[in-house]
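Chemist: Just dropping this structure here.
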Amino acid sequence: MAAVAVSKDPLESDSDIHITLEDQQKINRFARQNAKWEELRDDLKHKKGDLQNLEDASDDLLLVEDESASIPFVVGEVFVHFNMEEAKEKLEEAKSKVKKDIESIEAECTNVKSIMSDLKTQLYAKFGSSINLEAEEE
């Protein structure tokens, strides 16, 4: 998470840095957008993992020799058995949905990053090195 802090040099007087209500609102908005971006990034990571699992399942279906075999497919918290064709269709539908979700999350990430970039520019212009809006290294 990015640090949002306005710090003063101990040698500066209290009158050197004045934070207006508008400035505080921008700092708060940046913090909210940053938290949202972190959440979206986690969601994106999970969706990409889900997509990889679905693609692996599709590959595994190619190895099934018996076309009439019953294929277990998880729906919610239970397994439902489908024939080969139905299982392939369900996998393709699931992959399509996850891909759309990934595109949506990526678009939202781009929007959030744009807002954060704009706020960063405004805040750094006013506070310079007195404010830290960079992400902390883990």
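Residue numbering restarts at 1 in every chain; chains get A, B, ... in the order shown in the structure tokens, and ligands count up from 1 in that same order.
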Hey, what's within 10 Å of region 113-119 of chain A if we count only C-alpha atoms and toss same-chain stuff fewer than 5 positions away? As a VMD selection string, please?

Modeler: chain A and resid 23 26 to 27 29 to 34 36 to 37 107 to 108 124 to 125 133

Chemist: Could you list, as a PyMOL selection string, every residue within 12 Å of region 85-94 of chain A, counting only C-alpha atoms and ignoring same-chain residues fewer than 6 positions away?

Modeler: chain A and resi 47+50-62+64+66-75+79+100-101

Chemist: Among the residues of region 49-87 of chain A, find those DSSP assigns to helix (DSSP H, G or I) from the backbone and print them as number ranges by chain.

Modeler: A: 49-62, 84-87
